[in-house]
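Undergrad: Below are the structure tokens for one structure; questions will follow.
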Amino acid sequence: MARIVRWYGSGPLHLLVLVASFALTGYAMVSLFAVRPWEVAIWFVGAAILHDLILLPLYSLADLSALSVLRHRAADGPRVPWINHLRVPAFLSGLLLLVWFPLVFRLAVPYPGDTALSDSVYLGRWLAITGVLFAASAVVFAVRLRRLRRAGRGDKSRPAAGHGAAP
Amino acid sequence: MFGLVLLIGIPMLFITGLLSYASYNPELSPLNDETPDKGVLGFYLFAWPTHPYWLYRLLQGVHVTLGVVLVPVLLAKLWSVIPKLFEWLPVRSIAHGLERLSLLMLVGGVIFEFVTGIFNIQLYYVFPGSFYRLHFYGAWVFIAAFVVHVCLKIGRMARALRSRSLGDELRTDLAHTVPEPPDPDGLVAASPASPTMTRRGAVGMVGAGSLLLFVVTAGQSIGGRLRATALLAPHNRDPGSGPNSFQVNKTAAKVGITPALVGPTWRLEVHGHGVPRVFTRDQLLAMPQHAAALPIACVEGWSTEDQQWSGLRLADLAALAGVPDAASVLVQSIQPPGPFTRVVLRGNQIHDPRALLALRVNGAHLSLDHGYPARIIVPANPGVNNTKWVHRLTFRA
């Protein structure tokens with residue numbers, strides 16, 4: 001037993017579960033790759049790569065850039081946690097686009113002919129929703145800013161806890 | 001937290017998917033079978049019922065809407081394990097190496113399934129090959145890795161959830177948000193930046209993403225007034241107006257049905273025992289008509305409300321063909337050869353009194369796009385198996 005653990009790196013149950021899983025994986029993969037195997041493989045592995053090496057670095061970079069570029073601008077006024085007022089609408093709008101981009105950018109060629117519906121409405125709708133999300137976020141931000149300024153006038157010695165604008 | 005949601009959501013997606021696959025009755029005939037090399041993966045198949053009549057509508061609406069709504073949860077889950085996504089080498093042991101391989105199946109598989117599904121409901125057919133093959137076999141590859149992942153990590157998830165109280169977390173503001181303690185998996189950053197969002201904020205943002213996707217999607221399945229709220233869903237408006245103005249999967253023009261094909265020369269052939277019977281549309285209309293209120297529900301997740309169909313009962317047509325206790329019927333469309341132009345229906349579907357060869361809908365003749373001169377409508381049947389522009393029925397005992 002101890003030898004198995006040393007040689008394998010974990011208990012025999014771990015090995016059993018994984019082998020059983022790979023048996024099913026292999027069985028399904030024979031059929032999955034039966035037609036156009038290379039393209040399917042590229043899609044399967046590409047799906048993980050696209051997320052890990054493109055989508056994830058892109059949104060992380062966008063978030064870090066927003067943080068570093070905009071933090072200086074906000075330095076003068078009262079400290080209000082502002083980053084999430086940008087993050088939340090950007091995330092929600094980006095999410096809608098991520099899911100529905102084939103319709104938004106009219107990439108689904110068979111759509112109008114198949115369904116007797118036009119795909120010209122989606123771009124405008126997505127932009128409108130995006131506009132509403134950012135506007136709503138801006139309104140909430142403005143209200144918080146106003147409240148904070150009022151509170152600041154009342155009690156100068158107690159600045160509100162800020163994070164996005166922290167030095 | 002995101003793991004827990006997926007632990008419930010993913011099996012729901014898998015089971016509704018398997019049921020949807022069974023609803024095509026793939027083992028009844030090679031014509032119904034999009035995946036003839038499924039082997040033991042079809043072990044669970046059963047005769048698809050006709051009760052309740054809204055079964056397929058609910059099932060597929062849940063499958064597609066849930067899949068869309070889980071996208072932000074999936075992204076958040078992947079975000080929370082960023083270090084693991086980039087951990088390739090060194091492989092510490094055989095066990096560790098196998099686990100890494102299984103994780104590639106897990107991450108590749110889940111994104112593959114979500115992407116093929118989400119592209120298919122928008123008719124964005126860029127994936128390599130038949131959607132049915134890719135989504136079905138891909139699901140099995142993914143679920144094999146998913147079960148392993150659950151087995152290996154469920155203890156850790158339970159410990160993590162027990163380690164803090166949800167109520168306390170929801171009351172914690174940013175000033176009191178502290179990093180996770182170091183963990184054995186190395187998921188916690190060694191020197192985390194100061195927090196910019198509370199845990200309740202992160203969960204709330206993901207939840208808001210799911211809610212927003214639900215609002216702009218679910219209406220295409222729920223129908224009625226809510227259809228218009230599905231702002232970004234593919235079937236969120238009715239084409240045209242009038243009794244035939246409900247959703248169309250494929251128009252007549254799209255599949256090559258011309259008015260000439262379904263004009264006065266159109267005949268319905270009914271084969272069974274003995275000499276085939278041939279009917280004009282007027283003759284069919286002169287026979288006893290029956291009514292049924294049934295929806296059209298598509299594998300793509302959209303559906304219509306119940307429509308008022310009328311026409312001939314399939315059971316009556318079976319009797320007319322000399323096979324009153326028919327075990328199956330081959331339905332052939334007049335449309336040029338292509339996918340889903342022929343389908344085999346099972347005995348229980350023929351003998352349900354609501355299963356019709358419909359000639360009229362909502363008090364009007366069928367429109368060309370909805371299958372004029374005659375179409376199949378069977379309760380709980382997937383939309384593509386409710387064949388349109390029918391010209392031959394072959395009943396078999």
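Ordering of the structure tokens sets the chain letters (A, B, ...), residue numbers begin anew at 1 in every chain, and ligands are numbered from 1 in the order given.
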Write down, as a ChimeraX atom specification, each residue of chain A that has any atom within 7 Å of an atom of chain B, counting only C-alpha atoms.
TA: /A:8-10,17-18,21,24-25,28-29,31-32,36,39-40,44-45,47-48,52,88,92,96,99-100,102-103,107-108,110-111,113-117,122,125,163-164
Undergrad: Dump N, CA, C and O atoms for the selected residues as a compact mmCIF listing (two decimals), in the first residue's frame?
TA:
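Everything below was put into selection_17.txt:
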```txt
# COMPACT_ATOMS: atom_id res chain seq x y z
N TYR A 8 2.83 6.03 -7.02
CA TYR A 8 1.75 6.67 -7.80
C TYR A 8 1.54 8.12 -7.38
O TYR A 8 1.26 8.98 -8.22
N GLY A 9 1.67 8.39 -6.10
CA GLY A 9 1.49 9.76 -5.64
C GLY A 9 0.18 9.99 -4.94
O GLY A 9 -0.09 11.08 -4.46
N SER A 10 -0.66 8.95 -4.89
CA SER A 10 -1.93 9.07 -4.17
C SER A 10 -2.46 7.67 -3.89
O SER A 10 -1.84 6.69 -4.30
N VAL A 17 -10.69 5.74 -9.68
CA VAL A 17 -11.65 6.74 -10.16
C VAL A 17 -11.17 7.33 -11.48
O VAL A 17 -11.92 7.46 -12.45
N LEU A 18 -9.87 7.67 -11.54
CA LEU A 18 -9.34 8.29 -12.75
C LEU A 18 -9.35 7.33 -13.93
O LEU A 18 -9.71 7.70 -15.05
N SER A 21 -12.81 6.94 -15.22
CA SER A 21 -13.18 8.14 -15.95
C SER A 21 -12.56 8.16 -17.34
O SER A 21 -13.22 8.45 -18.34
N LEU A 24 -14.30 5.92 -19.88
CA LEU A 24 -15.50 6.55 -20.47
C LEU A 24 -15.09 7.64 -21.46
O LEU A 24 -15.64 7.75 -22.56
N THR A 25 -14.09 8.44 -21.07
CA THR A 25 -13.60 9.50 -21.95
C THR A 25 -13.15 8.91 -23.28
O THR A 25 -13.53 9.40 -24.34
N ALA A 28 -16.12 7.66 -25.46
CA ALA A 28 -16.87 8.76 -26.09
C ALA A 28 -16.02 9.47 -27.13
O ALA A 28 -16.53 9.92 -28.15
N MET A 29 -14.70 9.53 -26.88
CA MET A 29 -13.83 10.25 -27.80
C MET A 29 -13.69 9.54 -29.15
O MET A 29 -13.53 10.20 -30.17
N SER A 31 -16.00 8.19 -30.79
CA SER A 31 -17.10 8.70 -31.61
C SER A 31 -16.96 10.20 -31.87
O SER A 31 -17.23 10.68 -32.97
N LEU A 32 -16.52 10.94 -30.84
CA LEU A 32 -16.39 12.39 -31.00
C LEU A 32 -15.41 12.73 -32.12
O LEU A 32 -15.62 13.65 -32.89
N ARG A 36 -14.02 14.35 -38.91
CA ARG A 36 -13.18 15.57 -38.87
C ARG A 36 -12.40 15.66 -37.56
O ARG A 36 -12.53 16.65 -36.81
N GLU A 39 -10.13 18.90 -36.62
CA GLU A 39 -10.89 20.12 -36.32
C GLU A 39 -11.57 20.03 -34.96
O GLU A 39 -11.60 20.99 -34.19
N VAL A 40 -12.12 18.83 -34.66
CA VAL A 40 -12.78 18.66 -33.36
C VAL A 40 -11.77 18.81 -32.23
O VAL A 40 -12.03 19.49 -31.23
N PHE A 44 -11.79 21.43 -29.21
CA PHE A 44 -11.85 20.98 -27.82
C PHE A 44 -10.74 21.60 -26.99
O PHE A 44 -10.99 22.19 -25.93
N VAL A 45 -9.51 21.50 -27.49
CA VAL A 45 -8.38 22.07 -26.76
C VAL A 45 -8.40 23.60 -26.91
O VAL A 45 -8.11 24.34 -25.97
N ALA A 47 -10.88 25.50 -27.05
CA ALA A 47 -11.85 26.10 -26.15
C ALA A 47 -11.16 26.51 -24.85
O ALA A 47 -11.34 27.62 -24.36
N ALA A 48 -10.33 25.58 -24.31
CA ALA A 48 -9.63 25.87 -23.06
C ALA A 48 -8.60 26.97 -23.28
O ALA A 48 -8.47 27.89 -22.46
N ASP A 52 -8.28 30.53 -21.41
CA ASP A 52 -7.17 30.74 -20.48
C ASP A 52 -6.16 31.76 -21.00
O ASP A 52 -5.61 32.53 -20.22
N VAL A 88 -18.90 46.70 -12.93
CA VAL A 88 -20.17 45.97 -12.99
C VAL A 88 -20.86 46.17 -14.34
O VAL A 88 -21.18 45.18 -15.00
N LEU A 92 -21.37 43.19 -17.12
CA LEU A 92 -22.70 42.76 -17.57
C LEU A 92 -22.85 42.91 -19.08
O LEU A 92 -23.34 42.02 -19.78
N LEU A 96 -23.26 39.83 -21.94
CA LEU A 96 -24.32 39.73 -22.95
C LEU A 96 -23.70 39.56 -24.34
O LEU A 96 -24.17 38.76 -25.15
N VAL A 99 -22.22 36.00 -24.91
CA VAL A 99 -23.21 34.96 -25.19
C VAL A 99 -23.89 35.19 -26.54
O VAL A 99 -24.06 34.27 -27.33
N TRP A 100 -24.25 36.42 -26.84
CA TRP A 100 -25.12 36.67 -28.00
C TRP A 100 -24.40 37.34 -29.17
O TRP A 100 -25.05 37.88 -30.06
N PRO A 102 -22.98 36.23 -31.90
CA PRO A 102 -23.30 35.86 -33.29
C PRO A 102 -24.53 36.60 -33.83
O PRO A 102 -24.56 36.97 -35.00
N LEU A 103 -25.53 36.85 -32.96
CA LEU A 103 -26.70 37.60 -33.41
C LEU A 103 -26.40 39.10 -33.46
O LEU A 103 -26.78 39.78 -34.40
N LEU A 107 -23.64 37.38 -37.52
CA LEU A 107 -22.76 36.35 -38.08
C LEU A 107 -23.52 35.08 -38.43
O LEU A 107 -23.00 34.24 -39.17
N ALA A 108 -24.72 34.92 -37.88
CA ALA A 108 -25.50 33.70 -38.10
C ALA A 108 -26.18 33.80 -39.46
O ALA A 108 -27.31 34.26 -39.57
N PRO A 110 -27.64 31.72 -41.62
CA PRO A 110 -28.96 31.16 -41.95
C PRO A 110 -30.12 31.78 -41.19
O PRO A 110 -31.27 31.52 -41.53
N TYR A 111 -29.84 32.60 -40.17
CA TYR A 111 -30.89 33.04 -39.26
C TYR A 111 -32.10 33.70 -39.95
O TYR A 111 -33.23 33.25 -39.75
N GLY A 113 -33.21 33.66 -43.05
CA GLY A 113 -33.90 32.76 -43.97
C GLY A 113 -34.64 31.65 -43.26
O GLY A 113 -35.73 31.25 -43.65
N ASP A 114 -34.06 31.13 -42.19
CA ASP A 114 -34.68 30.03 -41.45
C ASP A 114 -35.90 30.49 -40.67
O ASP A 114 -36.92 29.81 -40.65
N THR A 115 -35.77 31.61 -39.97
CA THR A 115 -36.77 31.97 -38.96
C THR A 115 -37.79 33.00 -39.44
O THR A 115 -38.75 33.26 -38.73
N ALA A 116 -37.57 33.59 -40.62
CA ALA A 116 -38.42 34.68 -41.11
C ALA A 116 -38.36 35.90 -40.18
O ALA A 116 -39.29 36.68 -40.11
N LEU A 117 -37.27 36.01 -39.42
CA LEU A 117 -37.07 37.17 -38.54
C LEU A 117 -35.79 37.88 -38.96
O LEU A 117 -34.89 37.26 -39.51
N TYR A 122 -30.53 43.28 -33.13
CA TYR A 122 -29.76 42.89 -31.94
C TYR A 122 -28.66 43.87 -31.56
O TYR A 122 -28.45 44.12 -30.38
N ARG A 125 -30.13 46.80 -29.75
CA ARG A 125 -30.61 46.42 -28.41
C ARG A 125 -29.46 46.25 -27.44
O ARG A 125 -29.54 46.69 -26.29
N HIS A 163 -11.37 52.78 -1.90
CA HIS A 163 -10.41 51.73 -2.26
C HIS A 163 -9.86 51.96 -3.65
O HIS A 163 -8.67 51.98 -3.86
N GLY A 164 -10.76 52.22 -4.63
CA GLY A 164 -10.28 52.41 -6.00
C GLY A 164 -9.31 53.57 -6.06
O GLY A 164 -8.35 53.56 -6.81
```
Undergrad: Can you pull out every residue within 8 Å of A:Leu86, counting only C-alpha atoms, but drop anything in the same chain fewer than 4 positions away, and send it as a list in words?
TA: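 Non-adjacent residues within range: Trp82, Ala90, Phe134 and Ser137 of chain A.
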Undergrad: When you look at B:Leu45 with a cut-off of 8 Å (counting only C-alpha atoms), what residues show up, excluding the ones that are within fewer than 6 positions of it in the same chain? I need them as a ChimeraX atom specification.
TA: /B:22,25,27
Undergrad: Run DSSP on the backbone and tell me which residues of stretch 129-284 of chain B come out as strand (DSSP E or B); list them as a ChimeraX atom specification.
TA: /B:268-271,277-279
Undergrad: When distances are computed from only C-alpha atoms, which of B:Gly155, B:Ser29, B:Leu70, B:Trp48 shows the smallest separation from B:Met12?
TA: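 Once distances to B:Met12 are computed over only C-alpha atoms, the minimum belongs to B:Leu70.
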